[in-house]
>>> print(open('run15.pdb').read())   # PDB, C-alpha atoms
ATOM      1  CA  MET A   1      15.183  81.660 -23.046  1.00  0.00           C
ATOM      2  CA  ASN A   2      14.982  84.927 -21.160  1.00  0.00           C
ATOM      3  CA  PRO A   3      18.270  86.516 -20.079  1.00  0.00           C
ATOM      4  CA  ALA A   4      19.171  86.227 -16.427  1.00  0.00           C
ATOM      5  CA  LYS A   5      18.103  89.101 -14.231  1.00  0.00           C
ATOM      6  CA  PRO A   6      20.654  90.948 -12.080  1.00  0.00           C
ATOM      7  CA  GLY A   7      21.665  88.744  -9.151  1.00  0.00           C
ATOM      8  CA  GLU A   8      20.399  85.555 -10.816  1.00  0.00           C
ATOM      9  CA  THR A   9      22.649  82.700 -11.909  1.00  0.00           C
ATOM     10  CA  ARG A  10      22.328  82.022 -15.611  1.00  0.00           C
ATOM     11  CA  ARG A  11      21.333  78.474 -16.421  1.00  0.00           C
ATOM     12  CA  SER A  12      24.230  76.524 -17.960  1.00  0.00           C
ATOM     13  CA  PRO A  13      23.097  72.991 -18.762  1.00  0.00           C
ATOM     14  CA  TRP A  14      24.745  69.815 -19.918  1.00  0.00           C
ATOM     15  CA  ILE A  15      23.426  68.873 -23.343  1.00  0.00           C
ATOM     16  CA  VAL A  16      22.692  65.152 -23.489  1.00  0.00           C
ATOM     17  CA  GLY A  17      22.266  63.632 -26.937  1.00  0.00           C
ATOM     18  CA  VAL A  18      20.777  60.151 -27.250  1.00  0.00           C
ATOM     19  CA  SER A  19      21.505  58.518 -30.600  1.00  0.00           C
ATOM     20  CA  GLY A  20      20.174  55.318 -32.179  1.00  0.00           C
ATOM     21  CA  ALA A  21      22.716  52.806 -30.841  1.00  0.00           C
ATOM     22  CA  SER A  22      21.611  50.125 -28.413  1.00  0.00           C
ATOM     23  CA  GLY A  23      22.212  51.199 -24.818  1.00  0.00           C
ATOM     24  CA  THR A  24      19.333  53.421 -23.707  1.00  0.00           C
ATOM     25  CA  PRO A  25      19.887  52.307 -20.063  1.00  0.00           C
ATOM     26  CA  TYR A  26      23.269  54.081 -20.230  1.00  0.00           C
ATOM     27  CA  ALA A  27      21.569  57.324 -21.211  1.00  0.00           C
ATOM     28  CA  ALA A  28      18.987  56.928 -18.455  1.00  0.00           C
ATOM     29  CA  ALA A  29      21.677  56.381 -15.820  1.00  0.00           C
ATOM     30  CA  VAL A  30      23.632  59.439 -16.985  1.00  0.00           C
ATOM     31  CA  LEU A  31      20.524  61.614 -16.960  1.00  0.00           C
ATOM     32  CA  ARG A  32      19.513  60.490 -13.479  1.00  0.00           C
ATOM     33  CA  ALA A  33      23.009  61.092 -12.110  1.00  0.00           C
ATOM     34  CA  LEU A  34      23.272  64.562 -13.661  1.00  0.00           C
ATOM     35  CA  LEU A  35      19.967  65.575 -12.105  1.00  0.00           C
ATOM     36  CA  ALA A  36      20.942  64.030  -8.748  1.00  0.00           C
ATOM     37  CA  ALA A  37      24.128  66.133  -8.850  1.00  0.00           C
ATOM     38  CA  GLY A  38      22.035  69.280  -9.263  1.00  0.00           C
ATOM     39  CA  GLU A  39      22.978  69.804 -12.910  1.00  0.00           C
ATOM     40  CA  SER A  40      20.673  71.314 -15.521  1.00  0.00           C
ATOM     41  CA  VAL A  41      20.035  69.171 -18.592  1.00  0.00           C
ATOM     42  CA  ASP A  42      19.091  69.939 -22.175  1.00  0.00           C
ATOM     43  CA  LEU A  43      17.943  66.728 -23.855  1.00  0.00           C
ATOM     44  CA  VAL A  44      18.046  65.815 -27.552  1.00  0.00           C
ATOM     45  CA  VAL A  45      16.649  62.426 -28.582  1.00  0.00           C
ATOM     46  CA  SER A  46      17.382  61.482 -32.188  1.00  0.00           C
ATOM     47  CA  ARG A  47      14.730  59.957 -34.416  1.00  0.00           C
ATOM     48  CA  ALA A  48      16.642  56.685 -34.636  1.00  0.00           C
ATOM     49  CA  SER A  49      16.991  56.490 -30.861  1.00  0.00           C
ATOM     50  CA  ARG A  50      13.220  56.519 -30.472  1.00  0.00           C
ATOM     51  CA  LEU A  51      13.092  53.198 -32.293  1.00  0.00           C
ATOM     52  CA  THR A  52      15.808  51.792 -30.033  1.00  0.00           C
ATOM     53  CA  LEU A  53      14.047  53.118 -26.939  1.00  0.00           C
ATOM     54  CA  LEU A  54      10.784  51.538 -28.046  1.00  0.00           C
ATOM     55  CA  ASP A  55      12.521  48.222 -28.698  1.00  0.00           C
ATOM     56  CA  GLU A  56      14.483  48.188 -25.435  1.00  0.00           C
ATOM     57  CA  THR A  57      11.865  49.613 -23.068  1.00  0.00           C
ATOM     58  CA  LYS A  58       8.494  49.548 -24.910  1.00  0.00           C
ATOM     59  CA  ILE A  59       8.288  53.301 -24.286  1.00  0.00           C
ATOM     60  CA  ALA A  60       7.239  55.479 -27.229  1.00  0.00           C
ATOM     61  CA  PHE A  61       9.000  58.831 -26.838  1.00  0.00           C
ATOM     62  CA  ARG A  62       6.742  61.624 -28.115  1.00  0.00           C
ATOM     63  CA  ASP A  63       7.563  65.302 -28.532  1.00  0.00           C
ATOM     64  CA  ALA A  64       4.155  66.415 -27.264  1.00  0.00           C
ATOM     65  CA  HIS A  65       4.376  64.181 -24.176  1.00  0.00           C
ATOM     66  CA  TRP A  66       8.117  64.121 -23.636  1.00  0.00           C
ATOM     67  CA  ARG A  67       7.948  64.806 -19.909  1.00  0.00           C
ATOM     68  CA  ASP A  68       5.652  61.853 -19.183  1.00  0.00           C
ATOM     69  CA  ASP A  69       7.645  59.579 -21.483  1.00  0.00           C
ATOM     70  CA  LEU A  70      10.979  60.696 -20.013  1.00  0.00           C
ATOM     71  CA  ARG A  71       9.733  60.088 -16.487  1.00  0.00           C
ATOM     72  CA  ALA A  72       8.594  56.570 -17.427  1.00  0.00           C
ATOM     73  CA  TRP A  73      11.986  55.905 -19.019  1.00  0.00           C
ATOM     74  CA  LEU A  74      14.188  57.266 -16.222  1.00  0.00           C
ATOM     75  CA  SER A  75      12.182  55.559 -13.490  1.00  0.00           C
ATOM     76  CA  ARG A  76      12.847  52.197 -15.152  1.00  0.00           C
ATOM     77  CA  GLY A  77      15.722  49.980 -14.023  1.00  0.00           C
ATOM     78  CA  ALA A  78      18.202  48.449 -16.448  1.00  0.00           C
ATOM     79  CA  ASP A  79      16.432  45.127 -15.887  1.00  0.00           C
ATOM     80  CA  GLY A  80      13.207  46.636 -17.231  1.00  0.00           C
ATOM     81  CA  LYS A  81      11.455  46.911 -13.876  1.00  0.00           C
ATOM     82  CA  PRO A  82       9.291  50.081 -13.768  1.00  0.00           C
ATOM     83  CA  ASP A  83       9.260  52.528 -10.853  1.00  0.00           C
ATOM     84  CA  THR A  84      12.759  51.519  -9.730  1.00  0.00           C
ATOM     85  CA  PHE A  85      13.959  55.125  -9.484  1.00  0.00           C
ATOM     86  CA  SER A  86      12.305  58.426  -8.601  1.00  0.00           C
ATOM     87  CA  VAL A  87      13.275  61.418 -10.720  1.00  0.00           C
ATOM     88  CA  ASP A  88      12.792  65.184 -10.624  1.00  0.00           C
ATOM     89  CA  LEU A  89      12.545  66.668 -14.113  1.00  0.00           C
ATOM     90  CA  ASP A  90      12.171  70.311 -13.082  1.00  0.00           C
ATOM     91  CA  ASP A  91      15.517  71.302 -14.605  1.00  0.00           C
ATOM     92  CA  VAL A  92      15.256  69.355 -17.866  1.00  0.00           C
ATOM     93  CA  ARG A  93      14.625  71.139 -21.144  1.00  0.00           C
ATOM     94  CA  TYR A  94      13.786  69.095 -24.218  1.00  0.00           C
ATOM     95  CA  TRP A  95      14.617  70.026 -27.803  1.00  0.00           C
ATOM     96  CA  ALA A  96      13.246  68.134 -30.816  1.00  0.00           C
ATOM     97  CA  ALA A  97      15.976  66.574 -32.956  1.00  0.00           C
ATOM     98  CA  GLY A  98      14.660  68.310 -36.066  1.00  0.00           C
ATOM     99  CA  ASP A  99      14.719  71.784 -34.503  1.00  0.00           C
ATOM    100  CA  LEU A 100      17.859  73.305 -35.986  1.00  0.00           C
ATOM    101  CA  ALA A 101      16.857  76.704 -34.600  1.00  0.00           C
ATOM    102  CA  ALA A 102      17.002  75.344 -31.036  1.00  0.00           C
ATOM    103  CA  GLY A 103      19.220  76.937 -28.404  1.00  0.00           C
ATOM    104  CA  PRO A 104      22.014  74.312 -28.545  1.00  0.00           C
ATOM    105  CA  SER A 105      22.446  74.932 -32.294  1.00  0.00           C
ATOM    106  CA  SER A 106      24.224  78.220 -31.507  1.00  0.00           C
ATOM    107  CA  GLY A 107      27.566  78.808 -29.863  1.00  0.00           C
ATOM    108  CA  SER A 108      26.107  81.766 -27.980  1.00  0.00           C
ATOM    109  CA  TYR A 109      23.761  79.415 -26.113  1.00  0.00           C
ATOM    110  CA  PRO A 110      25.361  78.741 -22.710  1.00  0.00           C
ATOM    111  CA  SER A 111      26.213  75.135 -21.854  1.00  0.00           C
ATOM    112  CA  LYS A 112      28.854  73.241 -19.919  1.00  0.00           C
ATOM    113  CA  GLY A 113      29.342  70.749 -22.726  1.00  0.00           C
ATOM    114  CA  MET A 114      27.673  67.760 -24.323  1.00  0.00           C
ATOM    115  CA  LEU A 115      27.442  64.033 -23.652  1.00  0.00           C
ATOM    116  CA  ILE A 116      26.375  61.679 -26.458  1.00  0.00           C
ATOM    117  CA  VAL A 117      25.135  58.521 -24.748  1.00  0.00           C
ATOM    118  CA  PRO A 118      24.976  56.101 -26.431  1.00  0.00           C
ATOM    119  CA  ALA A 119      26.776  57.212 -29.584  1.00  0.00           C
ATOM    120  CA  SER A 120      26.066  55.247 -32.764  1.00  0.00           C
ATOM    121  CA  THR A 121      28.618  54.982 -35.559  1.00  0.00           C
ATOM    122  CA  ALA A 122      26.269  57.130 -37.659  1.00  0.00           C
ATOM    123  CA  SER A 123      26.304  59.927 -35.094  1.00  0.00           C
ATOM    124  CA  VAL A 124      30.088  59.586 -34.717  1.00  0.00           C
ATOM    125  CA  ALA A 125      30.494  59.956 -38.477  1.00  0.00           C
ATOM    126  CA  GLY A 126      28.101  62.892 -38.653  1.00  0.00           C
ATOM    127  CA  VAL A 127      29.929  64.823 -35.932  1.00  0.00           C
ATOM    128  CA  ALA A 128      33.390  63.943 -37.228  1.00  0.00           C
ATOM    129  CA  LEU A 129      32.466  65.093 -40.741  1.00  0.00           C
ATOM    130  CA  GLY A 130      30.550  68.165 -39.546  1.00  0.00           C
ATOM    131  CA  LEU A 131      27.331  67.125 -41.304  1.00  0.00           C
ATOM    132  CA  SER A 132      24.936  68.696 -38.764  1.00  0.00           C
ATOM    133  CA  LYS A 133      22.035  66.781 -40.274  1.00  0.00           C
ATOM    134  CA  ASP A 134      20.041  67.064 -37.027  1.00  0.00           C
ATOM    135  CA  LEU A 135      20.213  68.949 -33.737  1.00  0.00           C
ATOM    136  CA  LEU A 136      22.278  66.253 -32.043  1.00  0.00           C
ATOM    137  CA  GLN A 137      25.040  66.520 -34.631  1.00  0.00           C
ATOM    138  CA  ARG A 138      24.803  70.304 -34.810  1.00  0.00           C
ATOM    139  CA  ALA A 139      24.992  70.704 -31.014  1.00  0.00           C
ATOM    140  CA  ALA A 140      28.048  68.428 -30.915  1.00  0.00           C
ATOM    141  CA  SER A 141      29.765  70.457 -33.647  1.00  0.00           C
ATOM    142  CA  VAL A 142      29.002  73.655 -31.746  1.00  0.00           C
ATOM    143  CA  THR A 143      30.391  72.112 -28.555  1.00  0.00           C
ATOM    144  CA  LEU A 144      33.668  71.348 -30.314  1.00  0.00           C
ATOM    145  CA  LYS A 145      34.037  74.730 -31.994  1.00  0.00           C
ATOM    146  CA  GLU A 146      33.385  76.516 -28.697  1.00  0.00           C
ATOM    147  CA  GLY A 147      36.033  74.428 -26.940  1.00  0.00           C
ATOM    148  CA  ARG A 148      33.574  72.830 -24.512  1.00  0.00           C
ATOM    149  CA  ARG A 149      33.674  69.269 -23.250  1.00  0.00           C
ATOM    150  CA  LEU A 150      32.272  66.644 -25.603  1.00  0.00           C
ATOM    151  CA  VAL A 151      32.071  63.043 -24.394  1.00  0.00           C
ATOM    152  CA  VAL A 152      31.186  60.432 -27.015  1.00  0.00           C
ATOM    153  CA  ALA A 153      30.132  57.112 -25.449  1.00  0.00           C
ATOM    154  CA  VAL A 154      30.377  54.954 -28.542  1.00  0.00           C
ATOM    155  CA  ARG A 155      28.397  51.711 -28.277  1.00  0.00           C
ATOM    156  CA  GLU A 156      29.138  49.553 -31.298  1.00  0.00           C
ATOM    157  CA  THR A 157      31.225  46.436 -31.846  1.00  0.00           C
ATOM    158  CA  PRO A 158      33.224  45.553 -33.816  1.00  0.00           C
ATOM    159  CA  LEU A 159      34.529  48.869 -35.068  1.00  0.00           C
ATOM    160  CA  ASN A 160      35.691  49.093 -38.664  1.00  0.00           C
ATOM    161  CA  GLY A 161      38.537  51.245 -39.945  1.00  0.00           C
ATOM    162  CA  GLN A 162      36.269  54.041 -41.109  1.00  0.00           C
ATOM    163  CA  THR A 163      34.661  54.418 -37.683  1.00  0.00           C
ATOM    164  CA  LEU A 164      38.062  54.258 -35.995  1.00  0.00           C
ATOM    165  CA  ARG A 165      39.278  57.080 -38.221  1.00  0.00           C
ATOM    166  CA  HIS A 166      36.187  59.122 -37.312  1.00  0.00           C
ATOM    167  CA  LEU A 167      36.888  58.523 -33.617  1.00  0.00           C
ATOM    168  CA  VAL A 168      40.492  59.673 -34.059  1.00  0.00           C
ATOM    169  CA  THR A 169      39.162  62.796 -35.778  1.00  0.00           C
ATOM    170  CA  LEU A 170      36.949  63.503 -32.761  1.00  0.00           C
ATOM    171  CA  ASP A 171      39.845  62.893 -30.376  1.00  0.00           C
ATOM    172  CA  ASP A 172      42.015  65.288 -32.376  1.00  0.00           C
ATOM    173  CA  ALA A 173      39.218  67.870 -32.189  1.00  0.00           C
ATOM    174  CA  GLY A 174      39.205  67.675 -28.379  1.00  0.00           C
ATOM    175  CA  ALA A 175      36.402  65.199 -27.704  1.00  0.00           C
ATOM    176  CA  THR A 176      36.685  62.377 -25.181  1.00  0.00           C
ATOM    177  CA  VAL A 177      36.012  59.045 -26.895  1.00  0.00           C
ATOM    178  CA  LEU A 178      34.589  56.727 -24.251  1.00  0.00           C
ATOM    179  CA  PRO A 179      33.612  53.201 -25.355  1.00  0.00           C
ATOM    180  CA  ALA A 180      30.670  51.864 -23.358  1.00  0.00           C
ATOM    181  CA  SER A 181      32.751  49.061 -21.827  1.00  0.00           C
ATOM    182  CA  PRO A 182      31.693  47.953 -18.334  1.00  0.00           C
ATOM    183  CA  ALA A 183      34.371  46.826 -15.885  1.00  0.00           C
ATOM    184  CA  PHE A 184      33.979  44.090 -13.292  1.00  0.00           C
ATOM    185  CA  TYR A 185      36.479  45.072 -10.579  1.00  0.00           C
ATOM    186  CA  ALA A 186      33.854  47.215  -8.845  1.00  0.00           C
ATOM    187  CA  GLY A 187      31.995  44.095  -7.677  1.00  0.00           C
ATOM    188  CA  ALA A 188      29.005  44.203 -10.025  1.00  0.00           C
ATOM    189  CA  THR A 189      26.237  41.800  -9.040  1.00  0.00           C
ATOM    190  CA  HIS A 190      23.409  43.192 -11.167  1.00  0.00           C
ATOM    191  CA  ILE A 191      22.986  44.551 -14.692  1.00  0.00           C
ATOM    192  CA  GLN A 192      22.338  47.992 -13.185  1.00  0.00           C
ATOM    193  CA  ASP A 193      25.834  47.928 -11.651  1.00  0.00           C
ATOM    194  CA  LEU A 194      27.399  47.436 -15.085  1.00  0.00           C
ATOM    195  CA  VAL A 195      25.266  50.193 -16.583  1.00  0.00           C
ATOM    196  CA  ASP A 196      26.112  52.542 -13.716  1.00  0.00           C
ATOM    197  CA  PHE A 197      29.831  51.913 -14.174  1.00  0.00           C
ATOM    198  CA  VAL A 198      29.716  53.171 -17.754  1.00  0.00           C
ATOM    199  CA  ALA A 199      27.501  56.095 -16.771  1.00  0.00           C
ATOM    200  CA  GLY A 200      29.924  56.937 -13.989  1.00  0.00           C
ATOM    201  CA  ARG A 201      32.863  56.955 -16.367  1.00  0.00           C
ATOM    202  CA  VAL A 202      30.941  59.354 -18.624  1.00  0.00           C
ATOM    203  CA  LEU A 203      30.401  61.674 -15.668  1.00  0.00           C
ATOM    204  CA  ASP A 204      34.066  61.325 -14.668  1.00  0.00           C
ATOM    205  CA  ALA A 205      35.035  62.542 -18.142  1.00  0.00           C
ATOM    206  CA  ALA A 206      32.639  65.459 -17.732  1.00  0.00           C
ATOM    207  CA  GLY A 207      33.944  66.329 -14.270  1.00  0.00           C
ATOM    208  CA  VAL A 208      30.590  65.752 -12.570  1.00  0.00           C
ATOM    209  CA  PRO A 209      30.746  64.132  -9.102  1.00  0.00           C
ATOM    210  CA  HIS A 210      28.758  60.958  -8.506  1.00  0.00           C
ATOM    211  CA  THR A 211      28.646  57.734  -6.469  1.00  0.00           C
ATOM    212  CA  LEU A 212      27.602  55.351  -9.231  1.00  0.00           C
ATOM    213  CA  TYR A 213      30.370  52.779  -8.764  1.00  0.00           C
ATOM    214  CA  ARG A 214      33.057  51.629  -6.362  1.00  0.00           C
ATOM    215  CA  ARG A 215      36.412  53.091  -7.400  1.00  0.00           C
ATOM    216  CA  TRP A 216      39.634  51.148  -7.638  1.00  0.00           C
ATOM    217  CA  GLU A 217      41.744  51.715  -4.528  1.00  0.00           C
ATOM    218  CA  GLY A 218      44.754  49.549  -5.323  1.00  0.00           C
ATOM    219  CA  GLU A 219      43.649  46.460  -3.415  1.00  0.00           C
ATOM    220  CA  LEU A 220      42.908  43.216  -5.211  1.00  0.00           C
ATOM    221  CA  GLY A 221      39.451  41.905  -4.350  1.00  0.00           C
ATOM    222  CA  GLY A 222      38.401  45.190  -2.774  1.00  0.00           C
ATOM    223  CA  GLY A 223      35.370  45.507  -4.993  1.00  0.00           C
ATOM    224  CA  SER A 224      34.035  42.081  -4.053  1.00  0.00           C
ATOM    225  CA  ARG A 225      33.858  42.727  -0.313  1.00  0.00           C
ATOM    226  CA  ALA A 226      30.561  43.584   1.287  1.00  0.00           C
ATOM    227  CA  ASP A 227      30.287  47.065   2.736  1.00  0.00           C
ATOM    228  CA  ASP A 228      30.829  47.273   6.494  1.00  0.00           C
TER     229      ASP A 228
END
>>> encode(input="run15.pdb", output="structure tokens")
Amino acid sequence: MNPAKPGETRRSPWIVGVSGASGTPYAAAVLRALLAAGESVDLVVSRASRLTLLDETKIAFRDAHWRDDLRAWLSRGADGKPDTFSVDLDDVRYWAAGDLAAGPSSGSYPSKGMLIVPASTASVAGVALGLSKDLLQRAASVTLKEGRRLVVAVRETPLNGQTLRHLVTLDDAGATVLPASPAFYAGATHIQDLVDFVAGRVLDAAGVPHTLYRRWEGELGGGSRADD
């Protein structure tokens, strides 16, 4: 990446890591909302997540055609219907998971933080233990050591003691551990509403504004009322 010229604002993206856990619609919703909020995104898709993405969406994510494949993925609704959303990918940069010389592998690379959505127990363990076996794990370790925000949207159940200990390690290191647990008080009537709630909570933890779900306002039944 070329350094910013005088008077230019240096790009400072959110790094989004997609691991192999089930829940690719969560990642899609987070990515769409970040872009809608005007945020820059650096994307890392793990090798295992490609298998999950293929299974859940029938989309084969390819390094050489990542932009076309990402557009097909993000335009898809959580119910599998294509062309549900329109997306602008102009400010997305993609890094291959095996590229350990990529920008996000260094603390000197500017970023606002990292969101791992969804986070598998394997990725949780790798980050907690500092294994850095791929770019996703390395970028997360860098995020922690630089004191930047790291949100880990773990999507596994049940959780065994070993995984719980890894999650406590991440919490102690400054990460936000955010289980992908949809709530129902916001008046969800569609699978996309449940997905958007989790995505919205991820963005809340990152401090990124959004309108993905109806917030609790202290009134019972408020989420079930139709908008005026």
>>> residues_around(input="run15.pdb", residues="A:Gly98", least_positions_apart="6", cutoff="12 Å", atoms="all atoms listed in the file", output="mmCIF file with C-alpha atoms, keeping the file's coordinate frame")
data_model
loop_
_atom_site.group_PDB
_atom_site.id
_atom_site.type_symbol
_atom_site.label_atom_id
_atom_site.label_comp_id
_atom_site.auth_asym_id
_atom_site.auth_seq_id
_atom_site.Cartn_x
_atom_site.Cartn_y
_atom_site.Cartn_z
ATOM 1 C CA VAL A 44 18.046 65.815 -27.552
ATOM 2 C CA VAL A 45 16.649 62.426 -28.582
ATOM 3 C CA SER A 46 17.382 61.482 -32.188
ATOM 4 C CA ARG A 47 14.730 59.957 -34.416
ATOM 5 C CA ALA A 48 16.642 56.685 -34.636
ATOM 6 C CA ASP A 63 7.563 65.302 -28.532
ATOM 7 C CA SER A 105 22.446 74.932 -32.294
ATOM 8 C CA SER A 132 24.936 68.696 -38.764
ATOM 9 C CA LYS A 133 22.035 66.781 -40.274
ATOM 10 C CA ASP A 134 20.041 67.064 -37.027
ATOM 11 C CA LEU A 135 20.213 68.949 -33.737
ATOM 12 C CA LEU A 136 22.278 66.253 -32.043
ATOM 13 C CA GLN A 137 25.040 66.520 -34.631
ATOM 14 C CA ARG A 138 24.803 70.304 -34.810
ATOM 15 C CA ALA A 139 24.992 70.704 -31.014
#
>>> resolve_selection(input="run15.pdb", expression="the PyMOL selection byres ((chain A and resi 41) around 7)", output="list in words")
Pro13, Trp14, Ile15, Val16, Glu39, Ser40, Asp42, Leu43, Asp91, Val92 and Arg93 of chain A
>>> closest_residue(input="run15.pdb", among="A:Arg50, A:Lys112, A:Arg67, A:Arg10", to="A:Gly23", atoms="all atoms listed in the file")
A:Arg50
>>> atom_distance(input="run15.pdb", atom1="atom CA of A:Arg214", atom2="atom CA of A:Ala188")
9.2 Å
>>> closest_residue(input="run15.pdb", among="A:Ser49, A:Thr121, A:Ser106, A:Ser86", to="A:Thr24", atoms="all atoms listed in the file")
A:Ser49
>>> residues_around(input="run15.pdb", residues="A:Tyr109", least_positions_apart="2", cutoff="10 Å", atoms="all atoms listed in the file", output="PDB file with C-alpha atoms, keeping the file's coordinate frame")
ATOM      1  CA  MET A   1      15.183  81.660 -23.046  1.00  0.00           C
ATOM      2  CA  SER A  12      24.230  76.524 -17.960  1.00  0.00           C
ATOM      3  CA  PRO A  13      23.097  72.991 -18.762  1.00  0.00           C
ATOM      4  CA  ALA A 102      17.002  75.344 -31.036  1.00  0.00           C
ATOM      5  CA  GLY A 103      19.220  76.937 -28.404  1.00  0.00           C
ATOM      6  CA  PRO A 104      22.014  74.312 -28.545  1.00  0.00           C
ATOM      7  CA  SER A 105      22.446  74.932 -32.294  1.00  0.00           C
ATOM      8  CA  SER A 106      24.224  78.220 -31.507  1.00  0.00           C
ATOM      9  CA  GLY A 107      27.566  78.808 -29.863  1.00  0.00           C
ATOM     10  CA  SER A 111      26.213  75.135 -21.854  1.00  0.00           C
ATOM     11  CA  VAL A 142      29.002  73.655 -31.746  1.00  0.00           C
TER      12      VAL A 142
END
>>> resolve_selection(input="run15.pdb", expression="the PyMOL selection byres ((chain A and resi 57) around 9)", output="MDAnalysis selection string")
chainID A and resid 24:25 52:56 58:60 73 76 80
>>> build_atoms(input="run15.pdb", residues="stretch 165-179 of chain A", atoms="N, CA, C and O atoms", output="mmCIF file, keeping the file's coordinate frame")
data_model
loop_
_atom_site.group_PDB
_atom_site.id
_atom_site.type_symbol
_atom_site.label_atom_id
_atom_site.label_comp_id
_atom_site.auth_asym_id
_atom_site.auth_seq_id
_atom_site.Cartn_x
_atom_site.Cartn_y
_atom_site.Cartn_z
ATOM 1 N N ARG A 165 38.728 55.814 -37.735
ATOM 2 C CA ARG A 165 39.278 57.080 -38.221
ATOM 3 C C ARG A 165 38.405 58.260 -37.778
ATOM 4 O O ARG A 165 38.924 59.335 -37.425
ATOM 5 N N HIS A 166 37.074 58.059 -37.785
ATOM 6 C CA HIS A 166 36.187 59.122 -37.312
ATOM 7 C C HIS A 166 36.423 59.404 -35.824
ATOM 8 O O HIS A 166 36.400 60.564 -35.395
ATOM 9 N N LEU A 167 36.650 58.339 -35.054
ATOM 10 C CA LEU A 167 36.888 58.523 -33.617
ATOM 11 C C LEU A 167 38.211 59.248 -33.371
ATOM 12 O O LEU A 167 38.311 60.080 -32.462
ATOM 13 N N VAL A 168 39.222 58.954 -34.177
ATOM 14 C CA VAL A 168 40.492 59.673 -34.059
ATOM 15 C C VAL A 168 40.291 61.149 -34.408
ATOM 16 O O VAL A 168 40.853 62.041 -33.750
ATOM 17 N N THR A 169 39.464 61.403 -35.416
ATOM 18 C CA THR A 169 39.162 62.796 -35.778
ATOM 19 C C THR A 169 38.523 63.529 -34.599
ATOM 20 O O THR A 169 38.883 64.682 -34.302
ATOM 21 N N LEU A 170 37.598 62.882 -33.918
ATOM 22 C CA LEU A 170 36.949 63.503 -32.761
ATOM 23 C C LEU A 170 37.942 63.709 -31.626
ATOM 24 O O LEU A 170 37.930 64.753 -30.956
ATOM 25 N N ASP A 171 38.820 62.739 -31.411
ATOM 26 C CA ASP A 171 39.845 62.893 -30.376
ATOM 27 C C ASP A 171 40.756 64.073 -30.710
ATOM 28 O O ASP A 171 41.082 64.887 -29.835
ATOM 29 N N ASP A 172 41.154 64.168 -31.958
ATOM 30 C CA ASP A 172 42.015 65.288 -32.376
ATOM 31 C C ASP A 172 41.315 66.632 -32.189
ATOM 32 O O ASP A 172 41.972 67.657 -31.937
ATOM 33 N N ALA A 173 39.983 66.627 -32.327
ATOM 34 C CA ALA A 173 39.218 67.870 -32.189
ATOM 35 C C ALA A 173 38.968 68.240 -30.727
ATOM 36 O O ALA A 173 38.406 69.305 -30.450
ATOM 37 N N GLY A 174 39.356 67.364 -29.796
ATOM 38 C CA GLY A 174 39.205 67.675 -28.379
ATOM 39 C C GLY A 174 38.139 66.898 -27.648
ATOM 40 O O GLY A 174 37.942 67.086 -26.446
ATOM 41 N N ALA A 175 37.436 65.998 -28.347
ATOM 42 C CA ALA A 175 36.402 65.199 -27.704
ATOM 43 C C ALA A 175 37.039 64.074 -26.887
ATOM 44 O O ALA A 175 38.170 63.659 -27.139
ATOM 45 N N THR A 176 36.293 63.576 -25.908
ATOM 46 C CA THR A 176 36.685 62.377 -25.181
ATOM 47 C C THR A 176 35.918 61.203 -25.770
ATOM 48 O O THR A 176 34.687 61.188 -25.745
ATOM 49 N N VAL A 177 36.637 60.243 -26.337
ATOM 50 C CA VAL A 177 36.012 59.045 -26.895
ATOM 51 C C VAL A 177 35.969 57.996 -25.795
ATOM 52 O O VAL A 177 37.011 57.562 -25.295
ATOM 53 N N LEU A 178 34.766 57.593 -25.404
ATOM 54 C CA LEU A 178 34.589 56.727 -24.251
ATOM 55 C C LEU A 178 33.747 55.514 -24.653
ATOM 56 O O LEU A 178 32.522 55.581 -24.656
ATOM 57 N N PRO A 179 34.381 54.396 -25.025
ATOM 58 C CA PRO A 179 33.612 53.201 -25.355
ATOM 59 C C PRO A 179 32.780 52.742 -24.163
ATOM 60 O O PRO A 179 33.236 52.775 -23.019
#
